[in-house]
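Heads up, the thing below is written out as structure tokens.
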Amino acid sequence: MAFSELLDQVGSLGRFQILQTVALVVPIMWVTTQSMLENFSAAVPDHRCWVPLLDNNTAQASVPEALGPEALLAISIPPGPNQGPHQCRRFRQPQWQLLDPNVTATNWSEAATEPCLDGWVYDRSTFTSTVVAKWDLVCDSQALRPMSQSIYLAGVLVGAAVCGYTSDRFGRRLVLTWSYLQLAVAVMEWTSAQAQPLVMTLNSLGFSFGQVLTGAVAYGVRDWALLQLVVSAPFFLCFVYSWWLAESARWLLITGGLDQGLQELQRVAAINGRRATGDTLTTEVLLSAMQEELSAGQSPASLVTLLRTPGLHLRTCVSSLCWFAFGFTFYGLALDLQALGSDIFLLQVLIGVVDIPAKIGTLLLLRCLGRRPLQAASLVLAGLCILANTLVPHEMGTLRSALAVLGLGGVGAAFTCMTIYIAELFPTVLRMTAVGLAQMAARGGAILGPPVWLLGIHGPSLPLLVYGTVPVLCGLAALLLPETQSLPLPDTIQDVQNQALRKAAHRTPGCPVLKSTQF
């Protein structure tokens with residue numbers, strides 16, 4: 001394409017692209033901590049009802065000294081489903097007869113108990129404070145926890161909807177200053193087609209490092225309010241240096257901002273050590289080189305265009321399904337680590353650690369297998385790992401955690417495919433609108449994901465059955481997408497339609513030796 005030739009002149013993979021990528025990976029890591037924070041800030045500590053004999057000094061004074069805390073607990077709290085103290089009910093009156101070693105409380109009646117009318121006592125050995133303990137989001141109020149997660153993700157959905165459209169209308173940098181949701185795709189427009197999968201993988205690895213960072217920071221900060229402050233403060237620094245980031249010259253030129261586009265290209269040339277080449281660029285050169293793209297790019301971008309244009313509507317629907325499956329499965333599982341294992345700090349770190357080789361392996365396999373089969377395979381395999389967990393007994397906690405981590409690793413591989421694939425499926429004039437729609441689908445899935453755990457009251461395997469089935473079905477749907485391997489990044493709708501006419505010539509017969517810049 002004409003722009004790729006201009007980019008090669010000023011440097012398509014040089015010092016500028018490295019600085020730009022690093023500047024964008026850092027906030028990605030901290031965005032991830034925000035998304036995963038509720039595993040720790042809203043962790044559910046062990047709890048029981050408040051009872052006078054244990055928690056009221058006046059009542060304790062009348063208790064014989066020979067009775068220890070365990071005996072007082074046994075006569076005040078009935079046993080729960082896991083044979084520990086019941087978390088949501090207490091005896092109406094102390095059951096002194098239970099002190100007799102020949103009497104057990106296994107057949108206690110509902111009539112002899114009552115809800116926790118005076119509140120709860122929480123175990124603070126792991127967390128000094130969580131929002132669950134602060135606002136008593138347990139027992140009858142336990143559904144409020146996943147609801148709060150869904151409300152948070154609904155806010156992100158609104159951001160995805162607004163920012164995708166405004167990025168296409170007003171530019172990437174201006175929107176990026178206030179939101180980092182579109183940064184992964186925006187950086188692609190400053191790199192050559194050969195280096196784009198590598199750059200996108202580096203950006204997606206920011207999420208993996210963010211998972212590890214979340215577990216490490218949460219392990220060191222056990223108070224929910226302080227933890228929120230620690231993971232939010234770095235965004236002030238990101239805000240400051242975001243003004244240095246370059247606007248997408250590709251977007252500027254296609255939407256008519258020739259003078260500013262020229263300035264950005266000359267700036268990149270100077271940073272990459274090609275100032276002399278940048279000085280030879282003029283608006284006349286840009287007009288001559290991108291005449292076709294400039295004329296085709298004047299039509300305004302809109303969601304209607306994505307849904308009505310031949311060659312784009314199927315891509316839009318299927319790619320949205322894939323992003324929905326990612327959001328639904330990943331956030332459904334990853335935002336309730338307590339349901340997957342006992343050590344949530346280690347589990348959070350392992351999710352990030354497994355995600356790193358999964359994404360790097362995906363980058364390597366993209367050269368051999370192409371985008372479409374790898375997109376389908378990663379989603380299907382992730383779903384099968386999750387479905388396999390429905391057959392594993394709850395007593396085998398290590399195996400269940402391992403399968404869950406592998407399933408999330410597969411989802412991470414699918415995410416890497418999607419971030420590369422979606423940029424290649426849609427033209428520049430509509431790319432950020434498509435990304436916004438995809439993120440809306442992902443966040444819509446994320447909103448619906450956490451409440452699925454509430455199905456567990458009807459059957460312990462139902463949540464995992466739902467989480468596993470969705471990626472399998474959407475992975476199969478991905479086979480309907482066209483292959484984009486080795487095709488240039490489209491700038492206009494006409495480019496996409498031209499690619500559709502030539503799609504039969506792009507199937508690689510073997511798996512050649514991988515080169516770092518040959519994708």
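To be explicit about the labels: the chains of the structure tokens are called A, B, and onward in the order shown, and within each one the residues are counted from 1, while ligands get numbers from 1 in the order they are shown.
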
(message) Residues near Gly155 of chain A, anyone? I mean within 12 Å using only C-alpha atoms, not counting same-chain ones fewer than 3 positions away, as a PyMOL selection string.
(response) chain A and resi 35+148-152+158-162+439-440+443-444+446-447

Next, dump the selected residues to file, keeping only C-alpha atoms, as a PDB file, in the first residue's frame.
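Listed below is the output, selection.pdb:
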```
ATOM      1  CA  SER A  35      -9.611  -5.334  35.912  1.00  0.00           C
ATOM      2  CA  SER A 148     -20.712  -4.880  41.261  1.00  0.00           C
ATOM      3  CA  GLN A 149     -18.247  -6.573  38.898  1.00  0.00           C
ATOM      4  CA  SER A 150     -20.796  -6.400  36.105  1.00  0.00           C
ATOM      5  CA  ILE A 151     -21.487  -2.713  36.799  1.00  0.00           C
ATOM      6  CA  TYR A 152     -17.758  -1.939  36.605  1.00  0.00           C
ATOM      7  CA  VAL A 158     -19.555   2.371  27.481  1.00  0.00           C
ATOM      8  CA  GLY A 159     -15.953   3.478  27.136  1.00  0.00           C
ATOM      9  CA  ALA A 160     -15.331   0.958  24.363  1.00  0.00           C
ATOM     10  CA  ALA A 161     -18.439   2.103  22.504  1.00  0.00           C
ATOM     11  CA  VAL A 162     -17.592   5.791  22.720  1.00  0.00           C
ATOM     12  CA  GLN A 439     -14.619  -4.400  22.784  1.00  0.00           C
ATOM     13  CA  MET A 440     -18.312  -3.797  23.334  1.00  0.00           C
ATOM     14  CA  ARG A 443     -17.331  -6.266  27.713  1.00  0.00           C
ATOM     15  CA  GLY A 444     -20.852  -7.484  27.124  1.00  0.00           C
ATOM     16  CA  ALA A 446     -17.586  -9.838  30.641  1.00  0.00           C
ATOM     17  CA  ILE A 447     -20.722  -8.314  32.176  1.00  0.00           C
TER      18      ILE A 447
END
```

(request) Tell me which protein, DNA and RNA residues are within 9 Å of Glu114 of chain A, counting only C-alpha atoms, leaving out same-chain ones fewer than 2 positions away, and put them as a list in words. (result)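 The neighbour list is Cys88, Arg89, Arg90, Phe91, Arg92, Glu110, Ala111, Ala112, Cys116 and Leu117 of chain A.
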
Atoms kept (all heavy atoms) for selection, written as a tab-separated table (two decimals), in the first residue's frame:
```
chain	number	residue	atom	x	y	z
A	88	CYS	N	-23.86	-18.43	57.59
A	88	CYS	CA	-25.02	-17.55	57.46
A	88	CYS	C	-26.09	-17.75	58.52
A	88	CYS	O	-27.10	-17.04	58.51
A	88	CYS	CB	-25.65	-17.74	56.07
A	88	CYS	SG	-24.53	-17.35	54.69
A	89	ARG	N	-25.90	-18.70	59.44
A	89	ARG	CA	-26.92	-18.93	60.46
A	89	ARG	C	-26.26	-19.16	61.81
A	89	ARG	O	-25.09	-19.56	61.90
A	89	ARG	CB	-27.82	-20.12	60.10
A	89	ARG	CG	-28.56	-19.95	58.78
A	89	ARG	CD	-29.70	-20.94	58.63
A	89	ARG	NE	-30.81	-20.66	59.53
A	89	ARG	CZ	-31.77	-19.77	59.27
A	89	ARG	NH1	-31.74	-19.05	58.16
A	89	ARG	NH2	-32.75	-19.58	60.13
A	90	ARG	N	-27.04	-18.90	62.88
A	90	ARG	CA	-26.58	-19.14	64.25
A	90	ARG	C	-27.74	-19.73	65.05
A	90	ARG	O	-28.91	-19.61	64.67
A	90	ARG	CB	-26.11	-17.85	64.89
A	90	ARG	CG	-27.22	-16.83	65.12
A	90	ARG	CD	-26.70	-15.55	65.73
A	90	ARG	NE	-27.81	-14.62	66.00
A	90	ARG	CZ	-27.65	-13.39	66.48
A	90	ARG	NH1	-26.43	-12.95	66.76
A	90	ARG	NH2	-28.69	-12.60	66.71
A	91	PHE	N	-27.43	-20.39	66.15
A	91	PHE	CA	-28.49	-20.89	67.02
A	91	PHE	C	-29.18	-19.71	67.71
A	91	PHE	O	-28.53	-18.74	68.09
A	91	PHE	CB	-27.91	-21.83	68.09
A	91	PHE	CG	-27.48	-23.17	67.54
A	91	PHE	CD1	-26.18	-23.60	67.68
A	91	PHE	CD2	-28.39	-24.00	66.91
A	91	PHE	CE1	-25.77	-24.84	67.19
A	91	PHE	CE2	-28.00	-25.24	66.41
A	91	PHE	CZ	-26.69	-25.66	66.55
A	92	ARG	N	-30.51	-19.84	67.86
A	92	ARG	CA	-31.25	-18.79	68.54
A	92	ARG	C	-30.82	-18.69	70.01
A	92	ARG	O	-30.74	-17.59	70.58
A	92	ARG	CB	-32.76	-19.08	68.47
A	92	ARG	CG	-33.31	-19.03	67.05
A	92	ARG	CD	-34.81	-19.34	67.04
A	92	ARG	NE	-35.34	-19.38	65.68
A	92	ARG	CZ	-35.76	-18.31	65.01
A	92	ARG	NH1	-35.75	-17.12	65.61
A	92	ARG	NH2	-36.21	-18.44	63.78
A	110	GLU	N	-33.86	-26.19	61.23
A	110	GLU	CA	-33.87	-24.81	60.78
A	110	GLU	C	-34.57	-23.91	61.80
A	110	GLU	O	-34.21	-22.75	61.97
A	110	GLU	CB	-34.58	-24.73	59.43
A	110	GLU	CG	-34.40	-23.42	58.70
A	110	GLU	CD	-33.07	-23.35	57.97
A	110	GLU	OE1	-32.39	-24.38	57.85
A	110	GLU	OE2	-32.70	-22.24	57.55
A	111	ALA	N	-35.55	-24.48	62.49
A	111	ALA	CA	-36.31	-23.68	63.46
A	111	ALA	C	-35.45	-23.26	64.64
A	111	ALA	O	-35.74	-22.26	65.30
A	111	ALA	CB	-37.52	-24.47	63.94
A	112	ALA	N	-34.40	-24.02	64.94
A	112	ALA	CA	-33.55	-23.69	66.08
A	112	ALA	C	-32.52	-22.62	65.75
A	112	ALA	O	-31.76	-22.21	66.63
A	112	ALA	CB	-32.84	-24.96	66.58
A	116	CYS	N	-27.94	-14.14	60.57
A	116	CYS	CA	-26.96	-13.35	61.33
A	116	CYS	C	-27.51	-11.94	61.55
A	116	CYS	O	-27.13	-10.98	60.85
A	116	CYS	CB	-25.63	-13.31	60.59
A	116	CYS	SG	-24.92	-14.94	60.26
A	117	LEU	N	-28.39	-11.81	62.52
A	117	LEU	CA	-29.09	-10.55	62.74
A	117	LEU	C	-28.17	-9.44	63.24
A	117	LEU	O	-28.45	-8.25	63.05
A	117	LEU	CB	-30.23	-10.77	63.75
A	117	LEU	CG	-31.29	-11.81	63.34
A	117	LEU	CD1	-32.33	-11.95	64.44
A	117	LEU	CD2	-31.95	-11.42	62.03
```

(message) Could you list, as a PyMOL selection string, every residue within 12 Å of Phe330 of chain A, counting only C-alpha atoms and ignoring same-chain residues fewer than 5 positions away?
(response) chain A and resi 35-36+322-325+335-337+351+355+379+382-383+386+404-415+442-443+445-450+464+467-468+470-471

(request) Fewer than 3 positions away in the same chain doesn't count, so skip those; otherwise give me all residues within 12 Å of Val63 of chain A, counting only C-alpha atoms, as a PyMOL selection string. (result) chain A and resi 52-54+56-60+66-69+71-72+94+96

(request) Between A:Ser319, A:Asn39, A:Gln9, A:Ser208, single out the one closest to Val268 of chain A, counting only C-alpha atoms. (result) A:Gln9

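Note that atom CA of Cys417 of chain A and atom CA of Met200 of chain A are 9.3 Å apart.
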
(message) Taking 3 positions as the minimum chain separation for residues in the same chain, which residues sit within 12 Å of Ser204 of chain A when counting only C-alpha atoms? Answer as number ranges by chain.
(response) A: 21-22, 24-29, 31-32, 183-185, 187, 197-201, 207-211, 352, 355-360, 362-363, 412-420

Write the residues of the selection above to a file with C-alpha atoms, as a compact mmCIF listing (two decimals), in the first residue's frame.
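Contents of again.txt, as written:
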```txt
# COMPACT_ATOMS: atom_id res chain seq x y z
CA THR A 21 5.44 0.27 22.18
CA VAL A 22 7.08 0.53 25.62
CA LEU A 24 1.89 1.75 25.65
CA VAL A 25 2.74 -1.58 27.32
CA VAL A 26 3.25 0.10 30.71
CA PRO A 27 -0.34 1.39 31.05
CA ILE A 28 -1.66 -1.93 29.71
CA MET A 29 -0.10 -3.63 32.73
CA VAL A 31 -5.11 -1.43 33.28
CA THR A 32 -4.96 -5.18 33.90
CA LEU A 183 -3.89 1.62 22.43
CA ALA A 184 -3.05 -1.91 21.30
CA VAL A 185 -4.40 -1.43 17.77
CA VAL A 187 0.32 1.32 17.69
CA PRO A 197 2.05 -9.37 14.80
CA LEU A 198 5.22 -8.97 16.86
CA VAL A 199 4.16 -5.52 18.13
CA MET A 200 0.64 -6.69 18.90
CA THR A 201 1.97 -9.70 20.80
CA PHE A 207 -1.84 -8.02 30.04
CA SER A 208 0.13 -11.13 31.03
CA PHE A 209 2.69 -9.11 32.98
CA GLY A 210 -0.22 -7.21 34.48
CA GLN A 211 -1.66 -10.47 35.82
CA GLY A 352 -0.03 -14.53 34.03
CA ASP A 355 -0.26 -16.65 29.55
CA ILE A 356 3.23 -15.56 28.48
CA PRO A 357 4.33 -18.77 26.65
CA ALA A 358 0.79 -19.19 25.32
CA LYS A 359 0.94 -15.81 23.59
CA ILE A 360 4.52 -16.20 22.39
CA THR A 362 0.68 -18.16 19.31
CA LEU A 363 2.91 -15.60 17.60
CA GLY A 412 -5.05 -15.66 26.31
CA ALA A 413 -3.81 -17.26 23.09
CA ALA A 414 -7.18 -16.50 21.50
CA PHE A 415 -6.85 -12.88 22.63
CA THR A 416 -3.47 -12.60 20.89
CA CYS A 417 -5.02 -13.94 17.70
CA MET A 418 -7.95 -11.57 17.94
CA THR A 419 -5.88 -8.42 18.46
CA ILE A 420 -3.81 -9.23 15.36
```

(message) When you count only C-alpha atoms, which of these residues is closest to Glu395 of chain A: A:Gly341, A:Phe235, A:Leu281, A:Ala477?
(response)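 Between A:Gly341, A:Phe235, A:Leu281, A:Ala477, the residue approaching Glu395 of chain A most closely is A:Gly341.
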
(message) Give me the residues near Val217 of chain A as a ChimeraX atom specification, where near means some atom within 9 Å (using only C-alpha atoms) and where sequence neighbours in that chain fewer than 6 positions away do not count.
(response) /A:33,227,230-231

(message) Taking 2 positions as the minimum chain separation for residues in the same chain, which residues sit within 12 Å of Leu314 of chain A when counting only C-alpha atoms? Answer as an NGL selection string.
(response) :A and (306-312 or 316-321 or 425-426 or 477-482)

Output the selection as a tab-separated table (two decimals), in the first residue's frame - N, CA, C and O atoms for each residue.
```tsv
chain	number	residue	atom	x	y	z
A	306	LEU	N	-20.13	-0.95	8.68
A	306	LEU	CA	-19.60	-2.27	9.02
A	306	LEU	C	-20.63	-3.37	8.80
A	306	LEU	O	-20.29	-4.48	8.36
A	307	LEU	N	-21.87	-3.08	9.10
A	307	LEU	CA	-22.90	-4.11	9.06
A	307	LEU	C	-23.52	-4.29	7.68
A	307	LEU	O	-24.08	-5.35	7.38
A	308	ARG	N	-23.42	-3.27	6.83
A	308	ARG	CA	-24.09	-3.34	5.53
A	308	ARG	C	-23.15	-3.60	4.35
A	308	ARG	O	-23.60	-4.06	3.31
A	309	THR	N	-21.87	-3.30	4.52
A	309	THR	CA	-20.95	-3.42	3.39
A	309	THR	C	-20.65	-4.87	3.10
A	309	THR	O	-20.26	-5.63	4.00
A	310	PRO	N	-20.82	-5.32	1.85
A	310	PRO	CA	-20.45	-6.69	1.50
A	310	PRO	C	-18.98	-6.95	1.79
A	310	PRO	O	-18.12	-6.13	1.50
A	311	GLY	N	-18.71	-8.09	2.40
A	311	GLY	CA	-17.35	-8.42	2.77
A	311	GLY	C	-16.99	-7.99	4.18
A	311	GLY	O	-15.98	-8.45	4.72
A	312	LEU	N	-17.79	-7.11	4.78
A	312	LEU	CA	-17.50	-6.65	6.14
A	312	LEU	C	-18.51	-7.14	7.17
A	312	LEU	O	-18.15	-7.31	8.34
A	316	THR	N	-17.63	-8.66	10.79
A	316	THR	CA	-18.06	-7.94	11.98
A	316	THR	C	-18.77	-8.85	12.96
A	316	THR	O	-18.47	-8.86	14.16
A	317	CYS	N	-19.71	-9.64	12.47
A	317	CYS	CA	-20.51	-10.50	13.34
A	317	CYS	C	-19.67	-11.60	13.98
A	317	CYS	O	-19.74	-11.83	15.20
A	318	VAL	N	-18.85	-12.29	13.17
A	318	VAL	CA	-18.08	-13.42	13.71
A	318	VAL	C	-16.98	-12.94	14.64
A	318	VAL	O	-16.74	-13.54	15.70
A	319	SER	N	-16.28	-11.86	14.25
A	319	SER	CA	-15.23	-11.36	15.14
A	319	SER	C	-15.83	-10.87	16.46
A	319	SER	O	-15.22	-11.05	17.53
A	320	SER	N	-17.02	-10.30	16.42
A	320	SER	CA	-17.68	-9.87	17.66
A	320	SER	C	-18.02	-11.07	18.54
A	320	SER	O	-17.90	-11.01	19.77
A	321	LEU	N	-18.42	-12.18	17.92
A	321	LEU	CA	-18.69	-13.40	18.68
A	321	LEU	C	-17.44	-13.90	19.38
A	321	LEU	O	-17.48	-14.33	20.54
A	425	LEU	N	-8.53	-7.54	9.45
A	425	LEU	CA	-9.83	-7.78	8.83
A	425	LEU	C	-10.52	-6.50	8.37
A	425	LEU	O	-11.33	-6.53	7.44
A	426	PHE	N	-10.19	-5.35	9.01
A	426	PHE	CA	-10.93	-4.12	8.76
A	426	PHE	C	-10.01	-3.02	8.25
A	426	PHE	O	-8.85	-2.93	8.66
A	477	ALA	N	-17.32	-20.99	14.99
A	477	ALA	CA	-17.81	-19.90	14.12
A	477	ALA	C	-16.66	-19.14	13.48
A	477	ALA	O	-16.80	-18.59	12.38
A	478	ALA	N	-15.48	-19.10	14.14
A	478	ALA	CA	-14.32	-18.38	13.59
A	478	ALA	C	-13.85	-18.96	12.27
A	478	ALA	O	-13.16	-18.29	11.50
A	479	LEU	N	-14.21	-20.21	11.99
A	479	LEU	CA	-13.82	-20.82	10.72
A	479	LEU	C	-14.49	-20.16	9.53
A	479	LEU	O	-14.09	-20.39	8.38
A	480	LEU	N	-15.51	-19.34	9.79
A	480	LEU	CA	-16.19	-18.62	8.71
A	480	LEU	C	-15.44	-17.37	8.27
A	480	LEU	O	-15.76	-16.79	7.23
A	481	LEU	N	-14.44	-16.94	9.04
A	481	LEU	CA	-13.69	-15.73	8.70
A	481	LEU	C	-12.69	-16.02	7.58
A	481	LEU	O	-12.22	-17.14	7.43
A	482	PRO	N	-12.34	-15.00	6.79
A	482	PRO	CA	-11.33	-15.18	5.75
A	482	PRO	C	-9.93	-15.20	6.34
A	482	PRO	O	-9.68	-14.61	7.40
```

(request) Choose the residue, out of A:Leu98, A:Ala218, A:Leu253, A:Cys49, that has the smallest atom-to-atom separation from Ile77 of chain A; count only C-alpha atoms. (result) A:Cys49

(request) Choose the residue, out of A:Ala43, A:Leu430, A:Ala216, A:Leu205, that has the smallest atom-to-atom separation from Thr126 of chain A; count only C-alpha atoms. (result)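 Under the stated criterion, the closest residue is A:Ala43.
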
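Residue nearest Thr398 of chain A within the list A:Leu366, A:Val354, A:Cys474, A:Leu340: A:Leu340 [criterion: smallest interatomic distance, only C-alpha atoms].
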
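Distances to Gly220 of chain A were evaluated for A:Gln20, A:Ala154, A:Phe40, A:Ala402 using only C-alpha atoms, and the minimum falls at A:Phe40.
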
(request) Record the distance separating atom CA of Gly397 of chain A and atom CA of Val44 of chain A, expressed in Å with one decimal. (result) 18.4 Å

(request) Step one, run DSSP on the backbone; step two, keep only residues of segment 214-422 of chain A assigned to helix (DSSP H, G or I); then write them as a PyMOL selection string. (result) chain A and resi 214-220+224-232+234-244+249-254+258-271+275-279+283-289+291-296+303-308+313-334+337-339+344-369+371-391+397-422
